[in-house]
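Asker: Take a look at the following structure, please.
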6 protein chains.
Amino acid sequence: MRLPHVAVEEADAVDIGIIGVPWDGGTTNRAGARHGPRQMRDQSTMMRNVHHVTGIRPYELANCADLGDTSVNPVDLLDTLKRVEEFYQGVHAKGIMPLTAGGDHLITLPVMRAIADKSRPLGMVHFDAHTDTWDRYFGDYEYTHGTPFRRAIEEGLLDPKRTIQIGIRGGLYTPEDKDWGLEQGIRVVEIEEYFDLGPEKVGQLAREVVGDGPVYVSFDVDGLDPVYTPGTGTPEIGGYSTHDAQKMLRALRGLDIVGADVVEVSPPFDPSGATALVGVTMMWELLCMMAEKVAAE
Amino acid sequence: MRLPHVAVEEADAVDIGIIGVPWDGGTTNRAGARHGPRQMRDQSTMMRNVHHVTGIRPYELANCADLGDTSVNPVDLLDTLKRVEEFYQGVHAKGIMPLTAGGDHLITLPVMRAIADKSRPLGMVHFDAHTDTWDRYFGDYEYTHGTPFRRAIEEGLLDPKRTIQIGIRGGLYTPEDKDWGLEQGIRVVEIEEYFDLGPEKVGQLAREVVGDGPVYVSFDVDGLDPVYTPGTGTPEIGGYSTHDAQKMLRALRGLDIVGADVVEVSPPFDPSGATALVGVTMMWELLCMMAEKVAAE
Amino acid sequence: MRLPHVAVEEADAVDIGIIGVPWDGGTTNRAGARHGPRQMRDQSTMMRNVHHVTGIRPYELANCADLGDTSVNPVDLLDTLKRVEEFYQGVHAKGIMPLTAGGDHLITLPVMRAIADKSRPLGMVHFDAHTDTWDRYFGDYEYTHGTPFRRAIEEGLLDPKRTIQIGIRGGLYTPEDKDWGLEQGIRVVEIEEYFDLGPEKVGQLAREVVGDGPVYVSFDVDGLDPVYTPGTGTPEIGGYSTHDAQKMLRALRGLDIVGADVVEVSPPFDPSGATALVGVTMMWELLCMMAEKVAAE
Amino acid sequence: MRLPHVAVEEADAVDIGIIGVPWDGGTTNRAGARHGPRQMRDQSTMMRNVHHVTGIRPYELANCADLGDTSVNPVDLLDTLKRVEEFYQGVHAKGIMPLTAGGDHLITLPVMRAIADKSRPLGMVHFDAHTDTWDRYFGDYEYTHGTPFRRAIEEGLLDPKRTIQIGIRGGLYTPEDKDWGLEQGIRVVEIEEYFDLGPEKVGQLAREVVGDGPVYVSFDVDGLDPVYTPGTGTPEIGGYSTHDAQKMLRALRGLDIVGADVVEVSPPFDPSGATALVGVTMMWELLCMMAEKVAAE
Amino acid sequence: MRLPHVAVEEADAVDIGIIGVPWDGGTTNRAGARHGPRQMRDQSTMMRNVHHVTGIRPYELANCADLGDTSVNPVDLLDTLKRVEEFYQGVHAKGIMPLTAGGDHLITLPVMRAIADKSRPLGMVHFDAHTDTWDRYFGDYEYTHGTPFRRAIEEGLLDPKRTIQIGIRGGLYTPEDKDWGLEQGIRVVEIEEYFDLGPEKVGQLAREVVGDGPVYVSFDVDGLDPVYTPGTGTPEIGGYSTHDAQKMLRALRGLDIVGADVVEVSPPFDPSGATALVGVTMMWELLCMMAEKVAAE
Amino acid sequence: MRLPHVAVEEADAVDIGIIGVPWDGGTTNRAGARHGPRQMRDQSTMMRNVHHVTGIRPYELANCADLGDTSVNPVDLLDTLKRVEEFYQGVHAKGIMPLTAGGDHLITLPVMRAIADKSRPLGMVHFDAHTDTWDRYFGDYEYTHGTPFRRAIEEGLLDPKRTIQIGIRGGLYTPEDKDWGLEQGIRVVEIEEYFDLGPEKVGQLAREVVGDGPVYVSFDVDGLDPVYTPGTGTPEIGGYSTHDAQKMLRALRGLDIVGADVVEVSPPFDPSGATALVGVTMMWELLCMMAEKVAAE
């Protein structure tokens, strides 16, 4: 977004930090999300200064900076989780709210580890075609892009009762796949319910579920219909439109957002950059709300 | 769909057979559908085991097998029609319900010839941008991908009064193009009427039109808007979405479906495979309903 | 559209002339629209003879001809504006209504200069994601694809009070960007209002705004959602669908349309030709209405 | 090549006619060559007026015209062969030398039928990865894009002893595949021999083989390495370069060329148009030599 | 290659087994090679029965079968190495020579672990732009696609003095990058030397280096110029052509080849399949030589 | 190339400055080179630290920095020429040698205006398919991407007798097109002569032509065969390979190079980035030689 690039160590006056996590080592099928941050940076030059609906001018309300990409280790998943967590601990210690460009969805876990206060776990508004609350993969692998929120709930970072998932769909491996989350109290809005209710009501429902506590917004671009975001690893047909996603995001205005991410943009599957442009526009929506919160404090 | 491949001759215990017809010799403009079955097989590895809405587990309800591709003759249309018909006669004789991946739309004709009982012609739910009930092409050629259902009605295979066509649109060569079908009693839902009614009502209408008799479901991917299925030979802008197509298909649950196909997936016009993924997902919807019927018998 | 090609000088009996303007010298970011007319000519072979909804047969109602492309000067903007204006003056002098395939949006300005009667300025129905009423670019450049309608209003060619803009969206550089047009009296339908009203009401609103006077219809393909028209220079996510654009266009039937264009089709960003097919279909809608007007006179 | 379009009936003063044959019904695997003529017309706007090596200015030496596309019948192979033959008979009767843009390679057969004088069969310089002298396909189909020259020799149109094939390669179905041609006396330059000799010697060899009699030049773009011509139906890796093909073509200067074609350009497999640009450049080389011959007569 | 698919357990009569390893977890930059085996299977339908130069008919000389893909674990590198090694141990125990379709280059290491006899280490003819003999990556990660042959030499599987690497090029991180291999005695043919010598002499040199002992042939498609194989993870401009690679491979005829692979085909970076077609053709060359060896035993 | 970004004003210790000129306003046909600098920056992350043939380590020999992009004015050619010239004057005043990423070829003119000493005009080694010494375009437009070197010679910036052009080819509009340069004394190596001589002799010839004086190296990527650089505005088939271009560049080692550029990389025509990777690699070759010169001073 043509923001100044600032190293974390020197980022003392920054309120909101945009961070890339160029990693897809948790991806089980079509890798490529490691290239997402770069392509989103490219497309972000098309963003402007004033939100055309709300009139918010984020760069006047908050100090925003591009904090660059975290270090990752493409051949070691656990080491990457540690590196990302440490990077975000540094960001969090400076009082900077992170707005992240992924990377696959597993990266949300180390971010939450760095910024969540276990005495007051995070609520979450989660846009996705998949619940990402599976347990194990391939026998006994507990960390993949299908498991971050199971882990986050088990670790006490995320409060399932203040979590809503919007757009879930696609065939299941077993019928148990979606039971665990429901048992924890997650409000799962499958795509059929989404289409019945429409974006306004779902946006309102999200506000109600997360309430007044700290909220994380995690936007997996595969929640959208793949015609909008073909460049992603696990496309599922039959999702919502970009316009309706924008409506739902705008409904979150005024919540206590403490961090957000846009994940699973995978440039090899969309060299045109259209998917990245969508991802960046969603980041712009998030940035405006986060800046408004900064200004309100 | 990761099904076992079984030769027809050995397919004694099979209830539902998935068959490819790699042929586009009836295509007058942009050929390529001959490659559809292969790309759909590729994409079908993304399908899973349980239907996320209905909870149907087709592989537990019915014996499903991949019966491979029919023989075709790329340089002789009439010979191909004969080869395909003979293949399906073999399938039908074993009591297997065919679920076909095309191929251009002409292939539905020999399938119907093999499975229809003329004393009780088939009803049909037909998703398409075109009626495919033209008479002749290029003077006196009676077999092209624009004529199969004219032929099927003339041959007594298809009951026009129990036939519904959903999504018809696009300019016409002559105003007479659409009159013949209406005169036979086909219920034509042009795209404008579709948008006025919405998918639920159109799904209900389809149930009423086809009634209790044997039904064939023919899904031409060009009925969808070309943003969902760019890889097809005759794209017409302004169609329905994949989600709404799924809704309409699910409305057919419980009908006496005796066969189905998904046709006109043309990989050369969509190397990304998105169109094939859509086609496979529609086959998955059909498979679940067909398996449920098997279990109910 | 498989029309006969006729030179303007010899076009005495022509009622409606289809003209290409292969130029993108007013484009500030992603050039390519200069190739739009050619790709639209290619795709236009898919058009047919009878409008499937209205039943209009334009080639029977009016003499239609392809008048070829205007001369342009790729390295001199002002000279190009002059060449295009002169071409259209010749067309106008013959009593031919122009239906134009762009080119970037700046080309509408010289067209209006040639056909507008300043004593009775044009009304306009303008489909676009951008108002194109900016003032200056890059200090003091008054002619870019972001400024044509500011110039047209200043020059008295266009009546802002009879102008409606549909689909405006995207971040702004400054909040003043959209004020000028509103102050002139333009009816701006931002995309959020569009989605609230729906295409029928917006079509009706357009009729009311432009009233009985002469009307120009300018269709920038970036007003559509970029999933329908990825091949354009300034995509903005979250637009309308092709079907809904068709509905709005059909709502204009019976107005006093004196010229129309479809602009910003940029083939380098969509080699598949899907965007051009959309553009051509919109031209087909416009052609049918223009032919009906010819017949009514 | 920006030539005037002239109908055959009116082409009295034309020396060289450029003709498209938009047909691929003889293609057994990847169809698409039916779109070749159109894409080559598009790319031909990049050609200029003077040959940069020989200095030939073809448009000053001969009357050249674009005679349009022949009629074809996409669903009837034999009817198409007849239509194409009749078109070329008309061309030949006017004393026009045809330079053809295919289409698949079967189209050369009806062209030869129209222009060959059986009392003095044609010699041929044939650039290709395949001999196209197979006998039958699929049992007993005698006409496919793999058989035209077997038929032409059998029909007495083509003199095998004055025929050279350059670039043959690729695995064989049976070892007999290449024996027949050798027995007839065709000089087959397999790709290995080509690389050993180099383009100058092969060009010289071609002159010797065809001698002084009438010569047809048939240029299948798959003779080139597929990096130069990815847009073709049967790519075989390991061919010659465009530069070396140009060298070989230029070596044919002064021969009694009576017709030529460039075939198997298949746009769906190369939307960028690079293959068509190569095809057009080869046509330009042929045109210059043919014009020189006209001027010499 | 249209071979029968046989499970390893049942592969008693098989001489040569074609195996896919769908894995790219050792890739540090552009992943995607995990999809290579599938795309190569698709393209392999273009292969035929007789080698057009040597006349070898591999399927008559040896029993060839497709043994399917090995199991892999996309989120655990060490576990994958173990799974692949075990699979190949099973293959080796049956006396089957493996011909592998990768996957990234790290997969050659577990293959060698399974088939090498440490008392008589393998020689290797290695086609590549990179030596893949780096030591560590990212601090202390010893297994990536840049390190397999360092490990293989250290483990005593590979004899560096009987190893030749052909086509090495590209900038270096440090000058030490290429020293280690030279010190071990590897014969490194950098691309400049390759172009000076030409493919015949380099082929001869390869024969001399590997001598009479058991030889493994490892063909990384990035050794070719990226115009031939754009679909690969680490393209380096300025490589050899496919034709010259074929020449070098054919020069290996008669060596004691005990296994071979073609690796680093990455479909996401070449949806056209051209790279996979090249890969398959190289496998065909290898298969013919391996079959000849079987027949000679 | 992962270099530090430094503003010109603060670039006191810099020896070699890498500069982008994102402009294609001099392009008459296929625009897009304005996006070249960005894509080359992306691809440059694949470059490393040591030249694999010469062993040069440029970053140890010279202070290298990325000076960012010049200002341009997309809608005013003359203003852009002025802005670029001023930027390079600032660079030159600091004693920094410029290495430029274009942009279309016209940009070389303002660079030469800024750095040439008219008392001692520049020699030039010019790689290109076109001479770029045309006079006027479109009547009387003297500045396009086809005219920079005519202007540079007329202005006394460039010494035609110390200028060599390598790879010229393609049809001509008039035979006079190439006479002017020859009359001035330019040594034009047409592509046919290039292939006769080979890269070593042409490299040697270049050294002789430019001699000891100051030399500018201008590398238009369309000099290469378009299979290597499809992403360019005016592709001409039949050029040299990347490897041979590298050989020719390396032959220039030791000359008094005072500036260099790589131009006409046009990303819209090659979204894969392959062309940009080639462009960056040529910049790497130039950088190494320029750094060596710095160290020698």
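Chain labels follow the order of the structure tokens: the first chain is A, the next B, and so on; residue numbering restarts at 1 in every chain, and ligands are counted from 1 in their shown order.
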Using DSSP on the backbone coordinates, identify the residues of range 107-237 of chain F assigned to strand (DSSP E or B); present them as a PyMOL selection string.

Answerer: chain F and resi 117+120+122-127+137+141+158-168+172+187-190+214-220+224

Asker: Taking C-alpha atoms for each residue, export the selection above as a PDB file, in the first residue's frame.

Answerer:
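Written out: selection_10.pdb:
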```pdb
ATOM      1  CA  ASP F 117      30.048  14.149 -23.198  1.00  0.00           C
ATOM      2  CA  ARG F 120      33.670  12.627 -26.899  1.00  0.00           C
ATOM      3  CA  LEU F 122      29.541   7.490 -26.828  1.00  0.00           C
ATOM      4  CA  GLY F 123      30.217   4.286 -28.649  1.00  0.00           C
ATOM      5  CA  MET F 124      27.481   1.683 -28.343  1.00  0.00           C
ATOM      6  CA  VAL F 125      27.026  -2.046 -28.412  1.00  0.00           C
ATOM      7  CA  HIS F 126      23.373  -2.435 -29.296  1.00  0.00           C
ATOM      8  CA  PHE F 127      21.540  -5.771 -29.117  1.00  0.00           C
ATOM      9  CA  TYR F 137       6.770   8.162 -37.404  1.00  0.00           C
ATOM     10  CA  TYR F 141       6.678  12.517 -34.757  1.00  0.00           C
ATOM     11  CA  LEU F 158      26.417   8.882 -30.115  1.00  0.00           C
ATOM     12  CA  ASP F 159      29.272   8.192 -32.504  1.00  0.00           C
ATOM     13  CA  PRO F 160      27.874   6.069 -35.362  1.00  0.00           C
ATOM     14  CA  LYS F 161      31.354   4.906 -36.365  1.00  0.00           C
ATOM     15  CA  ARG F 162      31.801   3.407 -32.908  1.00  0.00           C
ATOM     16  CA  THR F 163      28.338   1.811 -32.898  1.00  0.00           C
ATOM     17  CA  ILE F 164      27.483  -1.809 -33.616  1.00  0.00           C
ATOM     18  CA  GLN F 165      23.971  -3.266 -33.877  1.00  0.00           C
ATOM     19  CA  ILE F 166      23.555  -7.016 -33.468  1.00  0.00           C
ATOM     20  CA  GLY F 167      20.612  -9.137 -34.540  1.00  0.00           C
ATOM     21  CA  ILE F 168      18.743  -6.823 -36.934  1.00  0.00           C
ATOM     22  CA  LEU F 172      10.953  -3.556 -43.763  1.00  0.00           C
ATOM     23  CA  ARG F 187      28.252  -1.510 -38.205  1.00  0.00           C
ATOM     24  CA  VAL F 188      25.002  -3.418 -38.662  1.00  0.00           C
ATOM     25  CA  VAL F 189      25.198  -7.150 -38.011  1.00  0.00           C
ATOM     26  CA  GLU F 190      22.005  -8.540 -39.452  1.00  0.00           C
ATOM     27  CA  PRO F 214      33.395   5.383 -23.528  1.00  0.00           C
ATOM     28  CA  VAL F 215      30.794   2.765 -24.367  1.00  0.00           C
ATOM     29  CA  TYR F 216      27.122   2.368 -23.682  1.00  0.00           C
ATOM     30  CA  VAL F 217      25.571  -1.100 -23.852  1.00  0.00           C
ATOM     31  CA  SER F 218      21.907  -1.171 -24.795  1.00  0.00           C
ATOM     32  CA  PHE F 219      20.207  -4.547 -24.650  1.00  0.00           C
ATOM     33  CA  ASP F 220      16.734  -4.746 -26.162  1.00  0.00           C
ATOM     34  CA  LEU F 224      16.790 -12.571 -28.557  1.00  0.00           C
TER      35      LEU F 224
END
```

Asker: Using only C-alpha atoms, find which residues of chain C lie within 12 Å of chain B and jot them down as a ChimeraX atom specification.

Answerer: /C:1,43-60,199-200,224-230,240-247,250,270-282,284-285,288

Asker: Output C-alpha atoms for every residue in the selection just made, as a tab-separated table (two decimals), in the first residue's frame.

Answerer:
```tsv
chain	number	residue	atom	x	y	z
C	1	MET	CA	-20.86	-9.20	-36.03
C	43	GLN	CA	-15.65	-12.48	-30.57
C	44	SER	CA	-18.54	-10.84	-32.41
C	45	THR	CA	-18.82	-13.81	-34.74
C	46	MET	CA	-20.66	-15.50	-31.89
C	47	MET	CA	-23.55	-13.02	-32.08
C	48	ARG	CA	-26.71	-14.05	-33.92
C	49	ASN	CA	-29.74	-12.45	-35.57
C	50	VAL	CA	-32.63	-12.27	-33.14
C	51	HIS	CA	-32.59	-10.92	-29.60
C	52	HIS	CA	-33.70	-13.81	-27.41
C	53	VAL	CA	-35.77	-11.69	-25.01
C	54	THR	CA	-37.16	-8.78	-26.97
C	55	GLY	CA	-37.31	-10.60	-30.27
C	56	ILE	CA	-35.75	-7.60	-32.00
C	57	ARG	CA	-34.07	-8.42	-35.33
C	58	PRO	CA	-31.76	-5.44	-35.70
C	59	TYR	CA	-30.51	-6.21	-39.19
C	60	GLU	CA	-34.06	-6.13	-40.48
C	199	PRO	CA	-30.96	-3.62	-11.37
C	200	GLU	CA	-34.65	-3.07	-12.11
C	224	LEU	CA	-18.86	-5.08	-14.05
C	225	ASP	CA	-17.23	-7.23	-11.43
C	226	PRO	CA	-13.74	-8.17	-12.62
C	227	VAL	CA	-14.64	-11.85	-12.62
C	228	TYR	CA	-16.71	-11.07	-15.70
C	229	THR	CA	-14.20	-8.69	-17.26
C	230	PRO	CA	-10.67	-9.40	-16.04
C	240	TYR	CA	-22.47	-6.01	-10.92
C	241	SER	CA	-22.97	-9.14	-13.00
C	242	THR	CA	-23.39	-9.34	-16.75
C	243	HIS	CA	-26.96	-10.49	-16.35
C	244	ASP	CA	-27.82	-7.47	-14.25
C	245	ALA	CA	-26.06	-5.15	-16.67
C	246	GLN	CA	-28.19	-6.62	-19.43
C	247	LYS	CA	-31.29	-5.96	-17.36
C	250	ARG	CA	-32.85	-3.36	-21.57
C	270	ASP	CA	-7.43	-11.49	-20.82
C	271	PRO	CA	-6.05	-13.48	-23.73
C	272	SER	CA	-8.99	-15.91	-23.42
C	273	GLY	CA	-11.27	-13.33	-24.97
C	274	ALA	CA	-13.95	-13.66	-22.29
C	275	THR	CA	-13.92	-9.93	-21.59
C	276	ALA	CA	-14.30	-9.13	-25.26
C	277	LEU	CA	-17.22	-11.54	-25.50
C	278	VAL	CA	-18.90	-9.64	-22.68
C	279	GLY	CA	-18.18	-6.36	-24.42
C	280	VAL	CA	-19.63	-7.59	-27.68
C	281	THR	CA	-22.75	-8.87	-25.98
C	282	MET	CA	-23.31	-5.43	-24.47
C	284	TRP	CA	-25.48	-6.38	-29.18
C	285	GLU	CA	-27.92	-5.15	-26.54
C	288	CYS	CA	-30.92	-3.87	-30.81
```

Asker: Quick one: residues within 10 Å of Gly146 in chain F, only C-alpha atoms, excluding same-chain residues fewer than 3 positions away - as number ranges by chain?

Answerer: F: 26-28, 104-106, 130-137, 142-143, 149-150

Asker: Generate the output file for the selected residues, C-alpha atoms, as a PDB file, in the first residue's frame.

Answerer:
```pdb
ATOM      1  CA  GLY F  26       7.078   5.728 -27.191  1.00  0.00           C
ATOM      2  CA  THR F  27       5.577   2.380 -28.112  1.00  0.00           C
ATOM      3  CA  THR F  28       3.544   2.323 -31.296  1.00  0.00           C
ATOM      4  CA  ASP F 104      10.630   1.061 -23.985  1.00  0.00           C
ATOM      5  CA  HIS F 105      13.688   1.854 -26.040  1.00  0.00           C
ATOM      6  CA  LEU F 106      13.067   5.583 -26.321  1.00  0.00           C
ATOM      7  CA  HIS F 130      15.504  -3.376 -34.946  1.00  0.00           C
ATOM      8  CA  THR F 131      17.908  -0.546 -35.728  1.00  0.00           C
ATOM      9  CA  ASP F 132      15.776   2.063 -33.946  1.00  0.00           C
ATOM     10  CA  THR F 133      17.249   4.635 -36.322  1.00  0.00           C
ATOM     11  CA  TRP F 134      14.070   5.458 -38.151  1.00  0.00           C
ATOM     12  CA  ASP F 135      13.430   9.103 -38.763  1.00  0.00           C
ATOM     13  CA  ARG F 136       9.813  10.059 -38.340  1.00  0.00           C
ATOM     14  CA  TYR F 137       6.770   8.162 -37.404  1.00  0.00           C
ATOM     15  CA  GLU F 142      10.337  12.394 -34.032  1.00  0.00           C
ATOM     16  CA  TYR F 143      10.298  10.542 -30.726  1.00  0.00           C
ATOM     17  CA  PHE F 149      19.476   6.423 -32.020  1.00  0.00           C
ATOM     18  CA  ARG F 150      18.724   8.631 -35.015  1.00  0.00           C
TER      19      ARG F 150
END
```

Asker: So that I can check the surroundings of Leu67 in chain E, please list as a PyMOL selection string every protein, DNA and RNA residue that reaches within 10 Å of it, counting only C-alpha atoms and ignoring chain neighbours fewer than 5 positions away.

Answerer: chain E and resi 3-11+14+16-20+91+98-100

Asker: Residues as selected, C-alpha atoms, written as a PDB file, in the first residue's frame, can you do that?

Answerer:
```pdb
ATOM      1  CA  LEU E   3       1.088 -49.277 -19.058  1.00  0.00           C
ATOM      2  CA  PRO E   4      -0.894 -51.587 -16.834  1.00  0.00           C
ATOM      3  CA  HIS E   5      -0.999 -50.411 -13.263  1.00  0.00           C
ATOM      4  CA  VAL E   6       0.346 -53.081 -10.946  1.00  0.00           C
ATOM      5  CA  ALA E   7       0.687 -52.992  -7.168  1.00  0.00           C
ATOM      6  CA  VAL E   8       4.253 -53.640  -6.035  1.00  0.00           C
ATOM      7  CA  GLU E   9       3.213 -56.645  -3.971  1.00  0.00           C
ATOM      8  CA  GLU E  10       1.860 -58.332  -7.079  1.00  0.00           C
ATOM      9  CA  ALA E  11       4.596 -57.239  -9.442  1.00  0.00           C
ATOM     10  CA  VAL E  14       7.956 -56.941 -13.762  1.00  0.00           C
ATOM     11  CA  ILE E  16      11.031 -52.132 -15.075  1.00  0.00           C
ATOM     12  CA  GLY E  17       8.714 -50.235 -12.812  1.00  0.00           C
ATOM     13  CA  ILE E  18       7.610 -46.678 -13.419  1.00  0.00           C
ATOM     14  CA  ILE E  19       7.016 -44.917 -10.120  1.00  0.00           C
ATOM     15  CA  GLY E  20       5.828 -41.454  -9.182  1.00  0.00           C
ATOM     16  CA  VAL E  91      10.662 -52.657  -5.558  1.00  0.00           C
ATOM     17  CA  PRO E  98      12.931 -48.234 -10.996  1.00  0.00           C
ATOM     18  CA  LEU E  99      12.305 -45.421 -13.449  1.00  0.00           C
ATOM     19  CA  THR E 100      11.015 -42.527 -11.391  1.00  0.00           C
TER      20      THR E 100
END
```

Asker: Determine which residues of range 55-194 of chain B DSSP labels as alpha helix (DSSP H) from the backbone of this structure, then write them out as a PyMOL selection string.

Answerer: chain B and resi 58-61+77-93+108-115+148-154+179-184+191-194

Asker: Mind writing the picked residues with C-alpha atoms as a PDB file, in the first residue's frame?

Answerer:
```pdb
ATOM      1  CA  PRO B  58     -22.653 -42.550  -1.475  1.00  0.00           C
ATOM      2  CA  TYR B  59     -19.923 -45.156  -1.289  1.00  0.00           C
ATOM      3  CA  GLU B  60     -21.651 -46.800   1.640  1.00  0.00           C
ATOM      4  CA  LEU B  61     -25.058 -46.775  -0.051  1.00  0.00           C
ATOM      5  CA  LEU B  77     -19.591 -39.381 -36.211  1.00  0.00           C
ATOM      6  CA  LEU B  78     -22.021 -42.163 -37.021  1.00  0.00           C
ATOM      7  CA  ASP B  79     -19.567 -44.859 -36.041  1.00  0.00           C
ATOM      8  CA  THR B  80     -18.980 -43.077 -32.743  1.00  0.00           C
ATOM      9  CA  LEU B  81     -22.697 -42.913 -32.026  1.00  0.00           C
ATOM     10  CA  LYS B  82     -22.838 -46.649 -32.554  1.00  0.00           C
ATOM     11  CA  ARG B  83     -19.805 -47.408 -30.367  1.00  0.00           C
ATOM     12  CA  VAL B  84     -21.129 -45.310 -27.514  1.00  0.00           C
ATOM     13  CA  GLU B  85     -24.595 -46.823 -27.751  1.00  0.00           C
ATOM     14  CA  GLU B  86     -23.164 -50.336 -27.645  1.00  0.00           C
ATOM     15  CA  PHE B  87     -21.031 -49.539 -24.632  1.00  0.00           C
ATOM     16  CA  TYR B  88     -24.036 -48.259 -22.716  1.00  0.00           C
ATOM     17  CA  GLN B  89     -26.136 -51.215 -23.777  1.00  0.00           C
ATOM     18  CA  GLY B  90     -23.562 -53.371 -22.044  1.00  0.00           C
ATOM     19  CA  VAL B  91     -23.742 -51.188 -18.974  1.00  0.00           C
ATOM     20  CA  HIS B  92     -27.517 -51.170 -18.969  1.00  0.00           C
ATOM     21  CA  ALA B  93     -27.696 -54.931 -19.384  1.00  0.00           C
ATOM     22  CA  THR B 108     -26.427 -37.908 -24.600  1.00  0.00           C
ATOM     23  CA  LEU B 109     -28.285 -39.243 -27.621  1.00  0.00           C
ATOM     24  CA  PRO B 110     -26.599 -42.665 -27.815  1.00  0.00           C
ATOM     25  CA  VAL B 111     -26.786 -42.952 -24.024  1.00  0.00           C
ATOM     26  CA  MET B 112     -30.529 -42.451 -24.196  1.00  0.00           C
ATOM     27  CA  ARG B 113     -30.797 -44.910 -27.050  1.00  0.00           C
ATOM     28  CA  ALA B 114     -29.186 -47.526 -24.821  1.00  0.00           C
ATOM     29  CA  ILE B 115     -31.117 -46.929 -21.619  1.00  0.00           C
ATOM     30  CA  PRO B 148     -29.564 -34.387 -29.685  1.00  0.00           C
ATOM     31  CA  PHE B 149     -32.896 -33.735 -28.016  1.00  0.00           C
ATOM     32  CA  ARG B 150     -34.761 -33.145 -31.285  1.00  0.00           C
ATOM     33  CA  ARG B 151     -33.562 -36.554 -32.336  1.00  0.00           C
ATOM     34  CA  ALA B 152     -34.337 -38.119 -28.949  1.00  0.00           C
ATOM     35  CA  ILE B 153     -37.892 -36.831 -29.051  1.00  0.00           C
ATOM     36  CA  GLU B 154     -38.371 -37.918 -32.663  1.00  0.00           C
ATOM     37  CA  ASP B 179     -40.568 -22.679 -31.294  1.00  0.00           C
ATOM     38  CA  TRP B 180     -40.271 -26.376 -32.061  1.00  0.00           C
ATOM     39  CA  GLY B 181     -39.494 -27.410 -28.492  1.00  0.00           C
ATOM     40  CA  LEU B 182     -42.307 -25.318 -27.086  1.00  0.00           C
ATOM     41  CA  GLU B 183     -44.710 -26.904 -29.541  1.00  0.00           C
ATOM     42  CA  GLN B 184     -43.699 -30.345 -28.348  1.00  0.00           C
ATOM     43  CA  ILE B 191     -32.637 -17.287 -18.038  1.00  0.00           C
ATOM     44  CA  GLU B 192     -34.784 -14.246 -17.428  1.00  0.00           C
ATOM     45  CA  GLU B 193     -37.537 -16.393 -15.980  1.00  0.00           C
ATOM     46  CA  TYR B 194     -34.949 -18.282 -13.985  1.00  0.00           C
TER      47      TYR B 194
END
```

Asker: Pick out the residues sitting within 7 Å of Pro267 in chain B, and hand them over as a PDB file with C-alpha atoms, in the first residue's frame; count only C-alpha atoms, and ignore anything fewer than 5 positions along from it in its own chain.

Answerer:
```
ATOM      1  CA  GLY B  32     -12.008 -29.603 -27.033  1.00  0.00           C
ATOM      2  CA  ALA B  33     -14.632 -31.441 -24.987  1.00  0.00           C
ATOM      3  CA  HIS B  35     -10.422 -33.949 -23.274  1.00  0.00           C
ATOM      4  CA  GLY B  36     -13.114 -33.341 -20.642  1.00  0.00           C
ATOM      5  CA  GLN B  39      -9.428 -33.449 -16.703  1.00  0.00           C
ATOM      6  CA  GLY B 231     -13.678 -23.984 -20.335  1.00  0.00           C
ATOM      7  CA  GLY B 273      -9.005 -26.966 -14.382  1.00  0.00           C
TER       8      GLY B 273
END
```
